[in-house]
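Q: Got a structure here, written out as C-alpha cells. Questions coming.
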Amino acid sequence: MNTKKKNNLLTLAIFALVAIILPGCIEDSDYEKQQQESDQLIKDYITSNNIEAEKSNNGVYYEALTSNPDGELPKIGDVMKVKYELRTLDGKLLESHMTDSTLLRFSSNAVIPSGVNYGLDILREGEKIRCYLPSYLAYNSYSVQDEFGPNANFILDIELTGTATEDDIHKMQIDEIEAYIDSEKLGDLTPSTSGLYFKSLEAGTGDEAKAYHTATLHYKRKTLDGSIIQETEADNPLIVSLNTNQLVSGFREGVLKMKEGEKALLILPSDIAFGSSVKVIPNSIREELWENGLIGSLVEPYTIVMYEVELLEVK
C-alpha cells in the first residue's frame, strides 16, 4: 500500500475522533483552519449565487427545494426511500440516483459521509432539500483519484419519497425474487420459512454439511441483474466454521442443505443477507473503503443477493 493511501485511510478511520477531541485541545489548529476554510468556501458559494440557505448548529447549510409541512417525519429505525444527487462544490457530478428511490435505514450511522445523516433527520415525506456539506462532515482530507481531492466540500440534493417497514421490504423482495425466478425459468423453487430460495444445480455424493462442520467452498455472490459483487479465487476457497456467524444467515442456511461436491444456487432477500448495511455516497468508493476495513460489507443496503456455491469439503 502506498503512503498516500495509508494517509487517506488513517484520516478517514480517525476522523470522527479527531472531530470531537482536537478542536478542544489545540487553539487555531490545522483542523480548525480546515473547518474555517470549508465554511468560508461554502458561505462564499451561497452568497455569490444568491442562495437562501440556513446553517444548522452542526455546520451543514440547508436549502429547501420542495416543502411538505404535512409530510410524516420518519422515525428512528424506519426504512427511508430516497433519491439523491451528489456533486462537489465546484460542480463535478459524482453520483445521481434521481430516477428510482434507493433504500436506507434511518439511524445515526446510516450513511457515509456523516453530514448526510444531518439532512435525513429534518426531511419529511415528499420534501427535497439541498445540503452543503463541509469537508469536516464529509471525507475530511481523504481523497479518491478521479473522484474528489482532499478537503472537498459537497452539494447533496436529497428527496424523501416515502418510508417502509422491514416487513414491507421483505414482502416486496419476495415478489421480486419470484418474478426473477419466473423470468429466468429456474423452475419451481419454494422458499424456506426464512425466505431463502434454494436450487441444487449439481448433486453431491459426499457427506451432508452439519452445523458443527468446517466447510471448504467456492462461491460467487451476485445481484439479480448478474453483477458480481465478490467471488473466491480458483486456488483460494473459503474455509468457514458453520457453527459461527461468519456467513450471513441465509448463506449458512443454504450451505447446510448441501452435500460435499454439490453445486447450488441460493437467492436471499436482504433480511437474511446484509440487511440495512451502510450507504456510501458516492458508491464508486465503496470497494476501496471495504478493502481497507473501513466498512463491513461490499453490499449496498437492502440488496437481494444470489450465491452460486460449490461445497468442496466438510470436516
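Note on naming: chains are A, B, ... as they come in the C-alpha cells, residues start from 1 per chain, ligands start from 1 in the order shown.
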I need the residues in region 14-157 of chain A that are alpha helix (DSSP H) according to DSSP; give them as a short mmCIF file (atom, residue, chain, number, x, y, z; two decimals) with N, CA and C atoms, in the first residue's frame.
A:
```
data_model
loop_
_atom_site.label_atom_id
_atom_site.label_comp_id
_atom_site.auth_asym_id
_atom_site.auth_seq_id
_atom_site.Cartn_x
_atom_site.Cartn_y
_atom_site.Cartn_z
N ILE A 14 -9.84 7.79 11.70
CA ILE A 14 -9.85 8.52 12.97
C ILE A 14 -10.63 9.82 12.89
N PHE A 15 -11.30 10.05 11.76
CA PHE A 15 -11.95 11.35 11.55
C PHE A 15 -12.93 11.71 12.64
N ALA A 16 -13.80 10.76 13.01
CA ALA A 16 -14.83 11.06 14.00
C ALA A 16 -14.21 11.44 15.33
N LEU A 17 -13.15 10.74 15.73
CA LEU A 17 -12.48 11.04 16.98
C LEU A 17 -11.82 12.41 16.94
N VAL A 18 -11.16 12.70 15.86
CA VAL A 18 -10.49 14.00 15.71
C VAL A 18 -11.51 15.13 15.77
N ALA A 19 -12.64 14.93 15.12
CA ALA A 19 -13.66 15.99 15.06
C ALA A 19 -14.17 16.35 16.44
N ILE A 20 -14.17 15.37 17.35
CA ILE A 20 -14.67 15.63 18.70
C ILE A 20 -13.59 16.21 19.60
N ILE A 21 -12.38 15.63 19.52
CA ILE A 21 -11.36 15.94 20.51
C ILE A 21 -10.47 17.11 20.13
N LEU A 22 -9.99 17.11 18.89
CA LEU A 22 -8.94 18.04 18.51
C LEU A 22 -9.31 19.51 18.67
N PRO A 23 -10.52 19.96 18.26
CA PRO A 23 -10.81 21.38 18.37
C PRO A 23 -10.72 21.90 19.79
N GLY A 24 -10.98 21.04 20.78
CA GLY A 24 -10.93 21.48 22.17
C GLY A 24 -9.54 21.46 22.75
N CYS A 25 -8.59 20.90 22.02
CA CYS A 25 -7.24 20.73 22.57
C CYS A 25 -6.24 21.73 22.03
N ASP A 30 -4.62 23.01 12.72
CA ASP A 30 -4.83 22.77 11.30
C ASP A 30 -6.26 22.33 11.05
N TYR A 31 -6.79 21.54 11.97
CA TYR A 31 -8.16 21.07 11.81
C TYR A 31 -9.14 22.25 11.85
N GLU A 32 -8.94 23.15 12.79
CA GLU A 32 -9.81 24.33 12.87
C GLU A 32 -9.68 25.20 11.62
N LYS A 33 -8.46 25.31 11.11
CA LYS A 33 -8.26 26.09 9.89
C LYS A 33 -9.02 25.46 8.73
N GLN A 34 -8.98 24.12 8.68
CA GLN A 34 -9.73 23.44 7.63
C GLN A 34 -11.22 23.69 7.77
N GLN A 35 -11.71 23.63 9.00
CA GLN A 35 -13.12 23.93 9.24
C GLN A 35 -13.48 25.33 8.75
N GLN A 36 -12.67 26.28 9.14
CA GLN A 36 -12.94 27.67 8.79
C GLN A 36 -12.89 27.88 7.28
N GLU A 37 -11.91 27.23 6.63
CA GLU A 37 -11.78 27.37 5.18
C GLU A 37 -12.98 26.76 4.47
N SER A 38 -13.38 25.58 4.91
CA SER A 38 -14.54 24.92 4.30
C SER A 38 -15.81 25.75 4.49
N ASP A 39 -16.00 26.24 5.70
CA ASP A 39 -17.18 27.07 5.97
C ASP A 39 -17.19 28.32 5.10
N GLN A 40 -16.02 28.93 4.95
CA GLN A 40 -15.94 30.16 4.16
C GLN A 40 -16.22 29.89 2.68
N LEU A 41 -15.67 28.78 2.15
CA LEU A 41 -15.90 28.43 0.75
C LEU A 41 -17.39 28.21 0.48
N ILE A 42 -18.05 27.52 1.39
CA ILE A 42 -19.49 27.28 1.22
C ILE A 42 -20.27 28.58 1.36
N LYS A 43 -19.91 29.37 2.33
CA LYS A 43 -20.58 30.66 2.53
C LYS A 43 -20.42 31.55 1.30
N ASP A 44 -19.22 31.61 0.74
CA ASP A 44 -18.98 32.41 -0.46
C ASP A 44 -19.80 31.90 -1.63
N TYR A 45 -19.89 30.58 -1.76
CA TYR A 45 -20.67 29.99 -2.85
C TYR A 45 -22.14 30.38 -2.72
N ILE A 46 -22.66 30.27 -1.51
CA ILE A 46 -24.07 30.59 -1.27
C ILE A 46 -24.34 32.07 -1.55
N THR A 47 -23.43 32.91 -1.10
CA THR A 47 -23.61 34.35 -1.28
C THR A 47 -23.52 34.74 -2.76
N SER A 48 -22.51 34.23 -3.45
CA SER A 48 -22.31 34.61 -4.85
C SER A 48 -23.42 34.11 -5.76
N GLY A 115 -22.22 13.85 7.31
CA GLY A 115 -23.07 15.03 7.19
C GLY A 115 -24.41 14.75 6.55
N VAL A 116 -24.50 13.69 5.75
CA VAL A 116 -25.77 13.34 5.12
C VAL A 116 -26.80 12.99 6.18
N ASN A 117 -26.36 12.37 7.27
CA ASN A 117 -27.29 12.00 8.33
C ASN A 117 -28.00 13.21 8.92
N TYR A 118 -27.31 14.35 8.92
CA TYR A 118 -27.92 15.57 9.45
C TYR A 118 -28.99 16.11 8.52
N GLY A 119 -28.94 15.74 7.25
CA GLY A 119 -30.02 16.11 6.34
C GLY A 119 -31.21 15.19 6.48
N LEU A 120 -30.95 13.91 6.71
CA LEU A 120 -32.04 12.95 6.83
C LEU A 120 -32.96 13.25 8.00
#
```
Q: Show me, as a PyMOL selection string, the residues that have an atom within 12 Å of region 176-186 of chain A when counting only C-alpha atoms, minus same-chain residues fewer than 2 positions from it.
A: chain A and resi 169-174+188-191+195-201+223-226+265-270+303-306
Q: For a test of reading the model, state the distance in Å between CA of Gly71 (chain A) and CA of Ile51 (chain A), rounded to one decimal.
A: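 Separation of CA of Gly71 (chain A) and CA of Ile51 (chain A): 24.4 Å.
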Q: So which one's closest to Pro74 (chain A), A:Glu253, A:Asp121, A:Glu233, A:Glu127? Using only C-alpha atoms, please.
A: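 Checking each candidate against Pro74 (chain A), we get A:Asp121 as the closest.
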Q: Would you mind writing down, as JSON, numbers by chain, each residue of region 30-212 of chain A that DSSP on the backbone assigns to strand (DSSP E or B)?
A: {"A": [54, 55, 61, 62, 63, 64, 65, 66, 79, 80, 81, 82, 83, 84, 85, 86, 87, 88, 93, 94, 95, 96, 97, 98, 99, 100, 101, 102, 103, 104, 105, 111, 112, 128, 129, 130, 131, 132, 133, 144, 148, 154, 155, 156, 157, 158, 159, 160, 161, 162, 163, 164, 197, 198, 199, 200, 201, 202, 208]}
Q: With C-alpha atoms retained, could you export that selection as a PDB file, in the first residue's frame?
A:
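Produced file again16.pdb, reproduced below:
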```pdb
ATOM      1  CA  GLU A  54     -29.826  28.175   6.702  1.00  0.00           C
ATOM      2  CA  LYS A  55     -26.824  26.939   8.614  1.00  0.00           C
ATOM      3  CA  TYR A  61     -26.225  24.574   5.230  1.00  0.00           C
ATOM      4  CA  TYR A  62     -29.725  23.595   4.057  1.00  0.00           C
ATOM      5  CA  GLU A  63     -31.703  24.940   1.132  1.00  0.00           C
ATOM      6  CA  ALA A  64     -35.356  23.916   0.804  1.00  0.00           C
ATOM      7  CA  LEU A  65     -36.177  22.770  -2.724  1.00  0.00           C
ATOM      8  CA  THR A  66     -39.591  21.184  -2.137  1.00  0.00           C
ATOM      9  CA  VAL A  79     -36.594   2.322   6.133  1.00  0.00           C
ATOM     10  CA  MET A  80     -36.344   5.505   4.085  1.00  0.00           C
ATOM     11  CA  LYS A  81     -36.926   5.673   0.347  1.00  0.00           C
ATOM     12  CA  VAL A  82     -34.712   8.440  -1.015  1.00  0.00           C
ATOM     13  CA  LYS A  83     -33.492   9.922  -4.264  1.00  0.00           C
ATOM     14  CA  TYR A  84     -30.240  11.849  -4.285  1.00  0.00           C
ATOM     15  CA  GLU A  85     -27.521  13.501  -6.308  1.00  0.00           C
ATOM     16  CA  LEU A  86     -24.009  14.347  -5.114  1.00  0.00           C
ATOM     17  CA  ARG A  87     -21.677  16.945  -6.611  1.00  0.00           C
ATOM     18  CA  THR A  88     -18.536  18.654  -5.466  1.00  0.00           C
ATOM     19  CA  LEU A  93     -21.216  15.257 -10.602  1.00  0.00           C
ATOM     20  CA  LEU A  94     -20.158  12.234  -8.580  1.00  0.00           C
ATOM     21  CA  GLU A  95     -23.386  10.237  -8.405  1.00  0.00           C
ATOM     22  CA  SER A  96     -27.015  10.678  -9.435  1.00  0.00           C
ATOM     23  CA  HIS A  97     -29.802   8.456  -8.160  1.00  0.00           C
ATOM     24  CA  MET A  98     -32.821  10.588  -9.022  1.00  0.00           C
ATOM     25  CA  THR A  99     -34.821   8.146 -11.158  1.00  0.00           C
ATOM     26  CA  ASP A 100     -35.600   5.348  -8.716  1.00  0.00           C
ATOM     27  CA  SER A 101     -35.642   5.508  -4.950  1.00  0.00           C
ATOM     28  CA  THR A 102     -32.934   3.737  -3.000  1.00  0.00           C
ATOM     29  CA  LEU A 103     -33.430   2.321   0.486  1.00  0.00           C
ATOM     30  CA  LEU A 104     -31.587   3.044   3.686  1.00  0.00           C
ATOM     31  CA  ARG A 105     -32.334   2.640   7.355  1.00  0.00           C
ATOM     32  CA  VAL A 111     -24.765   6.990   5.582  1.00  0.00           C
ATOM     33  CA  ILE A 112     -21.169   7.898   4.818  1.00  0.00           C
ATOM     34  CA  LYS A 128     -36.459  17.709  -1.094  1.00  0.00           C
ATOM     35  CA  ILE A 129     -33.528  19.679   0.247  1.00  0.00           C
ATOM     36  CA  ARG A 130     -30.070  20.680  -0.869  1.00  0.00           C
ATOM     37  CA  CYS A 131     -27.316  20.202   1.693  1.00  0.00           C
ATOM     38  CA  TYR A 132     -23.951  21.911   1.528  1.00  0.00           C
ATOM     39  CA  LEU A 133     -21.545  19.552   3.279  1.00  0.00           C
ATOM     40  CA  VAL A 144     -10.010   9.402  -4.146  1.00  0.00           C
ATOM     41  CA  PHE A 148     -12.518  14.169  -5.401  1.00  0.00           C
ATOM     42  CA  PHE A 154     -20.025  18.737  -1.440  1.00  0.00           C
ATOM     43  CA  ILE A 155     -23.559  19.564  -2.532  1.00  0.00           C
ATOM     44  CA  LEU A 156     -26.165  16.887  -1.932  1.00  0.00           C
ATOM     45  CA  ASP A 157     -29.728  17.026  -3.243  1.00  0.00           C
ATOM     46  CA  ILE A 158     -31.854  14.532  -1.349  1.00  0.00           C
ATOM     47  CA  GLU A 159     -35.575  13.766  -1.515  1.00  0.00           C
ATOM     48  CA  LEU A 160     -37.607  11.570   0.828  1.00  0.00           C
ATOM     49  CA  THR A 161     -40.160   9.790  -1.343  1.00  0.00           C
ATOM     50  CA  GLY A 162     -41.587   7.507   1.332  1.00  0.00           C
ATOM     51  CA  THR A 163     -40.931   5.120   4.196  1.00  0.00           C
ATOM     52  CA  ALA A 164     -41.437   1.410   4.720  1.00  0.00           C
ATOM     53  CA  TYR A 197     -34.721 -19.841  -2.272  1.00  0.00           C
ATOM     54  CA  PHE A 198     -32.526 -22.902  -2.884  1.00  0.00           C
ATOM     55  CA  LYS A 199     -31.883 -24.825  -6.105  1.00  0.00           C
ATOM     56  CA  SER A 200     -29.442 -27.715  -6.438  1.00  0.00           C
ATOM     57  CA  LEU A 201     -27.544 -27.359  -9.703  1.00  0.00           C
ATOM     58  CA  GLU A 202     -25.336 -30.456  -9.473  1.00  0.00           C
ATOM     59  CA  GLU A 208     -24.040 -33.628   4.322  1.00  0.00           C
TER      60      GLU A 208
END
```
Q: Looking at only C-alpha atoms, which of A:Ser194, A:Asp90, A:Asn236, A:Glu300 is the one that sits closest to Pro282 (chain A)?
A: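 Nearest to Pro282 (chain A): A:Glu300.
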Q: Please determine, counting only C-alpha atoms, which residue among A:Ala138, A:Leu294, A:Ala264, A:Leu89 has the shortest atom-to-atom distance to Pro113 (chain A).
A: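 Among the listed residues, A:Ala138 lies closest to Pro113 (chain A).
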Q: Find the residues near Thr216 (chain A): any atom within 10 Å, counting only C-alpha atoms, skip ones fewer than 6 places away on the same chain, and give them as an NGL selection string.
A: :A and (236-241 or 260 or 310-315)
